[in-house]
$ cat run33.txt   # compact mmCIF, C-alpha atoms
# COMPACT_ATOMS: atom_id res chain seq x y z
CA MET A 1 -114.94 204.37 92.06
CA LYS A 2 -111.64 204.60 90.26
CA PHE A 3 -109.17 201.74 89.68
CA LEU A 4 -105.47 202.23 88.89
CA ALA A 5 -104.10 199.93 86.22
CA LEU A 6 -101.20 198.89 88.46
CA ILE A 7 -102.94 198.33 91.82
CA GLY A 8 -100.58 196.60 94.26
CA LEU A 9 -97.70 196.47 91.78
CA ALA A 10 -95.23 198.42 93.90
CA ALA A 11 -95.41 195.84 96.70
CA GLY A 12 -94.85 192.95 94.32
CA LEU A 13 -91.94 194.34 92.31
CA VAL A 14 -88.71 195.38 94.02
CA ALA A 15 -87.52 197.61 91.20
CA CYS A 16 -90.84 199.31 90.55
CA THR A 17 -90.76 203.07 90.07
CA GLY A 18 -93.58 205.46 90.95
CA LEU A 19 -96.79 205.50 88.95
CA SER A 20 -96.88 207.77 85.94
CA THR A 21 -99.03 210.87 85.86
CA GLN A 22 -100.21 209.81 82.42
CA PRO A 23 -103.94 208.98 82.77
CA ASP A 24 -105.07 205.49 81.93
CA PRO A 25 -107.61 205.58 79.04
CA THR A 26 -109.98 203.34 80.97
CA GLU A 27 -109.86 205.58 84.02
CA VAL A 28 -110.52 208.62 81.81
CA ARG A 29 -113.58 206.86 80.40
CA LEU A 30 -114.79 206.04 83.91
CA ASP A 31 -114.41 209.68 84.92
CA GLN A 32 -116.48 210.69 81.90
CA LEU A 33 -119.18 208.21 82.84
CA GLU A 34 -119.22 209.45 86.41
CA GLN A 35 -119.69 213.02 85.19
CA GLN A 36 -122.48 211.95 82.85
CA ASN A 37 -124.11 210.01 85.66
CA ARG A 38 -124.03 213.01 87.98
CA ALA A 39 -125.44 215.28 85.27
CA LEU A 40 -128.27 212.87 84.55
CA THR A 41 -129.01 212.45 88.23
CA GLU A 42 -129.26 216.22 88.61
CA GLN A 43 -131.51 216.35 85.57
CA LEU A 44 -133.65 213.58 87.03
CA GLN A 45 -134.05 215.43 90.30
CA LYS A 46 -135.02 218.60 88.44
CA GLN A 47 -137.61 216.75 86.39
CA GLN A 48 -138.98 215.12 89.53
CA ARG A 49 -139.45 218.54 91.11
CA LEU A 50 -141.15 219.80 87.97
CA LEU A 51 -143.39 216.74 87.90
CA ALA A 52 -144.37 217.26 91.53
CA GLY A 53 -145.22 220.87 90.75
CA PHE A 54 -147.35 219.90 87.74
CA GLN A 55 -149.18 217.29 89.75
CA ALA A 56 -149.85 219.72 92.58
CA ALA A 57 -151.25 222.25 90.08
CA ASP A 58 -153.24 219.46 88.34
CA ILE A 59 -151.94 220.40 84.87
CA GLY A 60 -153.45 217.34 83.13
CA GLY A 61 -151.77 216.53 79.80
CA GLN A 62 -148.47 218.15 80.70
CA THR A 63 -148.09 215.80 83.65
CA GLN A 64 -148.34 212.81 81.34
CA SER A 65 -145.67 214.29 79.10
CA MET A 66 -143.35 214.93 82.03
CA GLU A 67 -143.83 211.38 83.31
CA ALA A 68 -142.75 210.03 79.92
CA GLN A 69 -139.69 212.28 79.96
CA LEU A 70 -138.92 211.20 83.52
CA ARG A 71 -139.07 207.52 82.58
CA ASP A 72 -136.66 208.20 79.72
CA ILE A 73 -134.21 209.97 82.02
CA ARG A 74 -134.43 207.17 84.60
CA GLY A 75 -133.65 204.67 81.86
CA GLN A 76 -130.59 206.66 80.80
CA VAL A 77 -129.32 206.83 84.37
CA GLU A 78 -129.76 203.08 84.85
CA GLN A 79 -128.01 202.37 81.54
CA LEU A 80 -125.05 204.58 82.44
CA GLY A 81 -124.85 203.05 85.90
CA PHE A 82 -124.69 199.57 84.38
CA GLN A 83 -122.04 200.68 81.88
CA LEU A 84 -120.02 202.22 84.69
CA ARG A 85 -120.12 199.03 86.78
CA THR A 86 -119.21 196.93 83.73
CA ASN A 87 -116.22 199.13 82.90
CA GLU A 88 -115.04 199.08 86.50
CA GLU A 89 -115.14 195.28 86.59
CA ARG A 90 -113.33 195.00 83.27
CA GLN A 91 -110.64 197.42 84.40
CA ARG A 92 -110.22 195.53 87.67
CA LYS A 93 -109.68 192.26 85.80
CA LEU A 94 -107.23 193.90 83.41
CA ALA A 95 -105.27 195.35 86.32
CA ILE A 96 -105.14 192.04 88.19
CA ASP A 97 -104.01 190.17 85.09
CA PHE A 98 -101.38 192.79 84.24
CA ASP A 99 -100.08 192.82 87.82
CA ARG A 100 -99.78 189.00 87.87
CA ARG A 101 -97.84 188.92 84.63
CA LEU A 102 -95.42 191.65 85.65
CA MET A 103 -94.75 189.86 88.94
CA SER A 104 -93.34 186.89 87.05
CA LEU A 105 -90.55 189.35 86.08
CA GLU A 106 -87.85 188.95 83.45
CA GLY A 107 -84.33 187.64 83.12
CA GLY A 108 -84.82 183.90 83.58
CA THR A 109 -85.71 184.16 87.27
CA GLY A 110 -88.28 181.39 87.01
CA GLN A 111 -90.47 179.34 84.72
CA ALA A 112 -92.52 181.45 82.35
CA ALA A 113 -96.24 180.90 82.07
CA GLY A 114 -95.67 179.57 78.57
CA GLY A 115 -93.03 177.13 79.74
CA GLY A 116 -89.24 177.15 79.86
CA LYS A 117 -86.68 179.53 81.32
CA GLY A 118 -86.26 183.09 80.15
CA PRO A 119 -83.22 184.03 78.05
CA ALA A 120 -79.84 184.69 79.64
CA PRO A 121 -79.33 188.09 81.31
CA LEU A 122 -78.49 191.01 79.05
CA ARG A 123 -75.34 193.12 79.21
CA GLY A 124 -74.27 196.64 78.32
CA ALA A 125 -76.34 198.95 76.13
CA GLU A 126 -78.76 196.15 75.28
CA GLU A 127 -79.54 195.64 78.96
CA GLN A 128 -79.92 199.38 79.59
CA ALA A 129 -82.36 199.78 76.71
CA TYR A 130 -84.48 196.79 77.72
CA VAL A 131 -84.59 197.67 81.42
CA ALA A 132 -85.53 201.27 80.61
CA ALA A 133 -88.45 200.09 78.46
CA PHE A 134 -89.56 197.56 81.05
CA ASN A 135 -89.42 200.13 83.86
CA MET A 136 -91.66 202.42 81.80
CA LEU A 137 -94.14 199.57 81.52
CA LYS A 138 -94.02 198.87 85.26
CA GLY A 139 -94.48 202.56 85.95
CA GLY A 140 -97.65 202.75 83.89
CA GLN A 141 -96.07 204.73 81.04
CA PHE A 142 -97.65 202.47 78.45
CA VAL A 143 -97.31 204.66 75.36
CA ASP A 144 -93.66 205.43 76.12
CA SER A 145 -92.91 201.79 76.87
CA ILE A 146 -94.29 200.72 73.49
CA LYS A 147 -92.00 203.22 71.75
CA ALA A 148 -89.03 202.09 73.86
CA PHE A 149 -89.59 198.38 73.20
CA ARG A 150 -89.94 199.07 69.48
CA SER A 151 -86.66 200.99 69.55
CA PHE A 152 -85.09 198.04 71.37
CA LEU A 153 -86.26 195.66 68.64
CA SER A 154 -84.89 197.98 65.98
CA ASP A 155 -81.55 198.61 67.69
CA PHE A 156 -80.96 194.97 68.73
CA PRO A 157 -82.65 192.85 66.05
CA GLY A 158 -80.87 189.65 67.08
CA SER A 159 -81.51 189.99 70.82
CA ALA A 160 -82.53 186.92 72.79
CA TYR A 161 -85.08 189.23 74.39
CA GLY A 162 -86.77 190.11 71.13
CA GLY A 163 -89.77 187.93 71.87
CA ASN A 164 -90.06 189.37 75.36
CA ALA A 165 -89.99 192.93 74.03
CA GLN A 166 -92.65 192.16 71.45
CA TYR A 167 -94.77 190.43 74.09
CA TRP A 168 -94.68 193.44 76.43
CA ILE A 169 -95.76 195.68 73.56
CA GLY A 170 -98.86 193.50 73.36
CA GLU A 171 -99.41 193.74 77.13
CA ALA A 172 -99.13 197.55 77.02
CA TYR A 173 -101.81 197.69 74.34
CA TYR A 174 -103.94 195.15 76.20
CA VAL A 175 -104.01 197.05 79.49
CA GLN A 176 -105.07 200.17 77.56
CA GLN A 177 -107.88 198.11 76.00
CA ASP A 178 -106.55 198.67 72.48
CA PHE A 179 -107.42 195.08 71.65
CA ALA A 180 -106.91 195.29 67.88
CA ALA A 181 -103.31 196.51 68.33
CA ALA A 182 -102.73 193.96 71.11
CA LEU A 183 -103.82 191.14 68.79
CA VAL A 184 -101.32 192.22 66.12
CA ALA A 185 -98.55 192.44 68.73
CA PHE A 186 -99.20 189.00 70.22
CA ASP A 187 -99.45 187.46 66.75
CA ARG A 188 -95.99 188.85 66.00
CA VAL A 189 -94.56 187.06 69.04
CA ILE A 190 -95.98 183.79 67.72
CA SER A 191 -94.89 184.30 64.11
CA ASP A 192 -91.59 186.18 64.43
CA PHE A 193 -90.20 184.75 67.68
CA ALA A 194 -91.24 181.10 67.50
CA THR A 195 -88.48 179.94 69.88
CA SER A 196 -89.20 182.56 72.55
CA ASN A 197 -90.37 181.48 75.99
CA LYS A 198 -93.15 184.05 75.56
CA VAL A 199 -94.98 182.19 72.77
CA GLY A 200 -97.25 180.34 75.19
CA ASP A 201 -98.11 183.57 76.99
CA ALA A 202 -98.74 185.31 73.68
CA LEU A 203 -101.12 182.55 72.57
CA LEU A 204 -102.96 182.80 75.86
CA LYS A 205 -103.33 186.55 75.61
CA LYS A 206 -104.38 186.21 71.97
CA GLY A 207 -107.27 184.10 73.25
CA TYR A 208 -108.15 186.76 75.82
CA VAL A 209 -108.04 189.50 73.19
CA LEU A 210 -110.26 187.54 70.80
CA ILE A 211 -112.82 187.17 73.58
CA GLU A 212 -112.80 190.95 74.03
CA LEU A 213 -113.26 191.32 70.27
CA LYS A 214 -116.31 189.01 70.46
CA GLN A 215 -114.63 186.29 68.39
CA ALA A 216 -115.35 183.37 70.71
CA GLY A 217 -114.70 180.67 68.10
CA GLU A 218 -111.21 181.96 67.28
CA ALA A 219 -110.55 182.50 70.98
CA ARG A 220 -111.28 178.83 71.69
CA LYS A 221 -108.84 177.79 68.97
CA ALA A 222 -106.07 179.91 70.49
CA LEU A 223 -106.73 178.64 74.01
CA ASP A 224 -106.87 175.03 72.82
CA GLN A 225 -103.53 175.60 71.10
CA VAL A 226 -102.01 176.78 74.38
CA ILE A 227 -103.16 173.59 76.09
CA SER A 228 -101.92 171.29 73.32
CA GLN A 229 -98.55 172.97 72.73
CA PHE A 230 -97.72 174.00 76.31
CA PRO A 231 -99.24 171.38 78.62
CA ASP A 232 -98.46 171.45 82.35
CA THR A 233 -97.71 175.17 82.32
CA THR A 234 -99.39 178.12 84.00
CA ALA A 235 -100.50 179.30 80.56
CA ALA A 236 -102.30 176.00 79.94
CA LYS A 237 -103.98 176.19 83.35
CA LEU A 238 -105.23 179.71 82.65
CA ALA A 239 -106.38 178.66 79.18
CA ARG A 240 -108.45 175.82 80.65
CA GLU A 241 -110.01 178.19 83.17
CA ARG A 242 -110.98 180.65 80.45
CA LEU A 243 -112.38 177.88 78.25
CA ASP A 244 -114.49 176.63 81.16
CA LYS A 245 -115.94 180.12 81.60
CA LEU A 246 -116.64 180.41 77.89
CA LYS A 247 -118.49 177.09 77.99
CA ALA A 248 -120.47 178.31 80.97
CA GLY A 249 -121.56 181.31 78.97
CA GLY A 250 -119.23 183.90 80.48
CA ASP A 251 -116.51 185.98 78.87
CA ALA A 252 -114.31 186.71 81.87
$ encode --input "run33.txt" --output "structure tokens"
Amino acid sequence: MKFLALIGLAAGLVACTGLSTQPDPTEVRLDQLEQQNRALTEQLQKQQRLLAGFQAADIGGQTQSMEAQLRDIRGQVEQLGFQLRTNEERQRKLAIDFDRRLMSLEGGTGQAAGGGKGPAPLRGAEEQAYVAAFNMLKGGQFVDSIKAFRSFLSDFPGSAYGGNAQYWIGEAYYVQQDFAAALVAFDRVISDFATSNKVGDALLKKGYVLIELKQAGEARKALDQVISQFPDTTAAKLARERLDKLKAGGDA
């Protein structure tokens, strides 16, 4: 029933550390829903036994009242079950997306989704600070990684990896489903690091976030911008796929 936010990540990343013991907010919410579902199921079974007893004793009006209560409980159980399945599917998609983006790695090892090579490798204290923050992210320590990337931006304001650091702050918020904070972070990549190879990725994820925030019109604008500014890139391909799903009436 549970999904880890970094499913399969260890196999895809050579330098990946162990998963953090820090619980993922989505998983915590799923646990809460499971507990609620079990409690309601138990309550439903109790009410069913009571109803059977009333019917056997032919207690007229009370039976009608219990049937109404039973229908209400059944409705609550069905609603929670649907919410649980919806949250599981959303978490699965978030985990898959996060895993895919981490597997593209850092350090100019290949073409970024937004186009172009990554910046040149870092050296010295700058490299140590960035790698430490990135390893926290890979290990699922999202809150700590955000703090570490912010410290990196503060300590090395002119770093060629500034856009990358800001982008991963957005990803850390996104995988925790803090979409409002993720939107601010991705917007900063676009506005403050205009020459970064992460701009295309940030625009793409801005579109994703806007979909989550139920702002389909603004999401389409962001995704269209990815396609127009970064054609023939992975980001553009993903933007087209998401636009097609939006047109088909989906939000995934």
$ atom_distance --input "run33.txt" --atom1 "atom CA of Ala216 of chain A" --atom2 "atom CA of Thr233 of chain A"
22.7 Å
$ closest_residue --input "run33.txt" --among "A:Leu84, A:Gly162, A:Glu78, A:Phe134" --to "Thr195 of chain A" --atoms "only C-alpha atoms"
A:Gly162
$ residues_around --input "run33.txt" --residues "segment 201-211 of chain A" --least-positions-apart "2" --cutoff "6 Å" --atoms "all atoms listed in the file" --output "list in words"
Gly114, Phe179, Leu183, Phe186, Lys198, Val199, Leu213, Lys214, Gln215, Ala216, Ala219, Ala222 and Leu223 of chain A
$ atom_distance --input "run33.txt" --atom1 "atom CA of Asp232 of chain A" --atom2 "atom CA of Tyr130 of chain A"
29.3 Å
$ atom_distance --input "run33.txt" --atom1 "atom CA of Leu153 of chain A" --atom2 "atom CA of Ala125 of chain A"
12.9 Å
$ residues_around --input "run33.txt" --residues "Ala181 of chain A" --least-positions-apart "3" --cutoff "12 Å" --atoms "only C-alpha atoms" --output "MDAnalysis selection string"
chainID A and resid 146 166:167 169:178 184:188 206 209:210 213
$ closest_residue --input "run33.txt" --among "A:Gly158, A:Leu238, A:Trp168, A:Asp244" --to "Phe142 of chain A" --atoms "only C-alpha atoms"
A:Trp168
